[in-house]
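Down below is the structure, laid out as structure tokens.
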Amino acid sequence: MNFFDVLAEMLVILFAIAAGYGANRLGCLGGETDQKLSKLILNITMPAMIVAAVITGEELPEISVILSILEVGVVFYVLEFAFVLTVPKLLPGTAGQKGVYRYTLAFPNVGFIGYPVAVALYGDGALFYAAILALPFNLLSYSLGPLMLAGAGRFRWRQLLSPCIVASVLGLVLALTRLRPPAMVGEMLDFVGSITVPLSLLVVGSLLAHMSPGKVLRSPKLWVLSVLRLLVMPALLCLVLRGMHIEAMVLGIAVSQMGMPVAVNGTLLSMEYGGDTEAMAQVTFLTTLGAIVTIPVLAAVLL
């Protein structure tokens with residue numbers, strides 16, 4: 001694996017967050033603007049990106065390949081939820097902070113950062129595999145995610161019909177049935193969805209503009225979560241999948257996705273449903289910063 005190619009991808013992502021920080025300082029982002037942008041992303045651009053990732057590939061793999069990727073996805077999320085059920089009990093914090101701990105351990109950034117990293121490691125053909133592996137993430141993060149972050153008191157059944165969940169189910173159905181909408185449909189969805197990643201990273205940067213970097217860097221709890229998220233969990237997944245004799249490319253994509261920083265979606269969902277947005281943005285910043293080093297290292301050592 002090319003260490004410097006992956007490092008370059010991470011620096012591009014960090015630049016987008018820094019640009020959002022600067023936009024906030026200049027008065028272009030912040031407050032109500034961030035709220036409206038998060039609604040735009042969650043309701044329009046992200047659903048478009050989810051479906052487009054499945055239907056815009058040149059050729060769909062065999063059903064057996066898709067099912068094997070989903071099998072890896074089961075192992076992926078069983079391992080994550082084992083951490084979710086144990087680690088937050090061991091760390092002090094408020095109910096809102098513990099919700100952030102759970103979300104951090106459950107949901108790595110398999111879409112925004114995971115897609116470009118998968119392509120950097122394995123070429124354009126890896127995008128479809130990464131998109132299939134991300135389908136359970138999309139279903140779980142937009143259903144269980146708000147429940148983790150805001151608690152059962154704020155959960156509403158209509159959240160299960162959010163645009164992102166509907167798009168995830170549609171993407172899975174299209175992948176398994178091998179139905180391909182007209183190419184123009186995929187092009188339109190891809191065009192709209194393509195702004196999701198940079199726009200989301202700008203929002204995260206804007207949210208960080210009023211936080212003290214020193215406060216983030218001095219928090220032992222955030223460092224523990226970051227080490228678990230970026231190093232311990234991908235190393236364990238690599239050992240498990242090697243024991244299952246999973247195909248090298250699928251194993252590599254899964255392990256690299258497990259080593260992603262916490263999903264940017266968490267900050268957007270905290271804003272939308274009333275979670276601890278400050279704590280969520282802090283751990284997003286720290287894990288993204290750490291991933292600049294850890295993802296290239298994982299690619300070089302484990303894959």
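Residues in the structure tokens are numbered from 1 in each chain, the chains being A, B, ... in the order shown, and ligands are numbered from 1 in the order shown.
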Let's see if you can do this: from backbone DSSP, list all helix (DSSP H, G or I) residues in segment 159-262 of chain A, as number ranges by chain. A: 159-161, 163-177, 183-193, 196-208, 213-217, 220-243, 248-258
Do you know which residues are at most 10 Å from segment 8-18 of chain A counting only C-alpha atoms, after dropping those on the same chain fewer than 3 positions away, and could you put them as JSON, numbers by chain? {"A": [3, 4, 5, 21, 22, 23, 24, 112, 113, 116, 117, 120, 197, 198, 199, 200, 201, 202, 203, 204, 205, 206, 207, 208, 209, 285, 288, 289, 290, 291, 292, 293, 295, 296]}
Atom-to-atom span, atom CA of Pro47 of chain A and atom CA of Cys164 of chain A, Å: 4.8 Å
Among the residues A:Asn43, A:Leu176, A:Ala131, A:Arg242, the one that comes closest to Leu161 of chain A [using only C-alpha atoms]: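 That would be A:Asn43, the residue with the smallest distance to Leu161 of chain A.
As for atom CA of Ala82 of chain A and atom CA of Val240 of chain A, they are spaced 13.9 Å apart.
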Residues near Glu272 of chain A, cut-off 9 Å, only C-alpha atoms, skip fewer than 2 positions along chain, as a PyMOL selection string: chain A and resi 35+38-39+146+267-270+274-275
Using only C-alpha atoms for the distances, tell me which of A:Ala48, A:Val301, A:Leu29, A:Val119 is nearest to Phe191 of chain A. A:Ala48
Could you pull the residues within 8 Å of Thr104 of chain A, counting only C-alpha atoms, minus those fewer than 4 positions along the same chain, as a list of chain:residue names?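 What passes the distance filter is A:Val100, A:Pro108, A:Leu225, A:Arg229, A:Val262, A:Ala263, A:Val283.
Restricting the calculation to only C-alpha atoms, the smallest distance between Ile253 of chain A and any of A:Pro234, A:Gly27, A:Gly20, A:Gly93 is found for A:Pro234.
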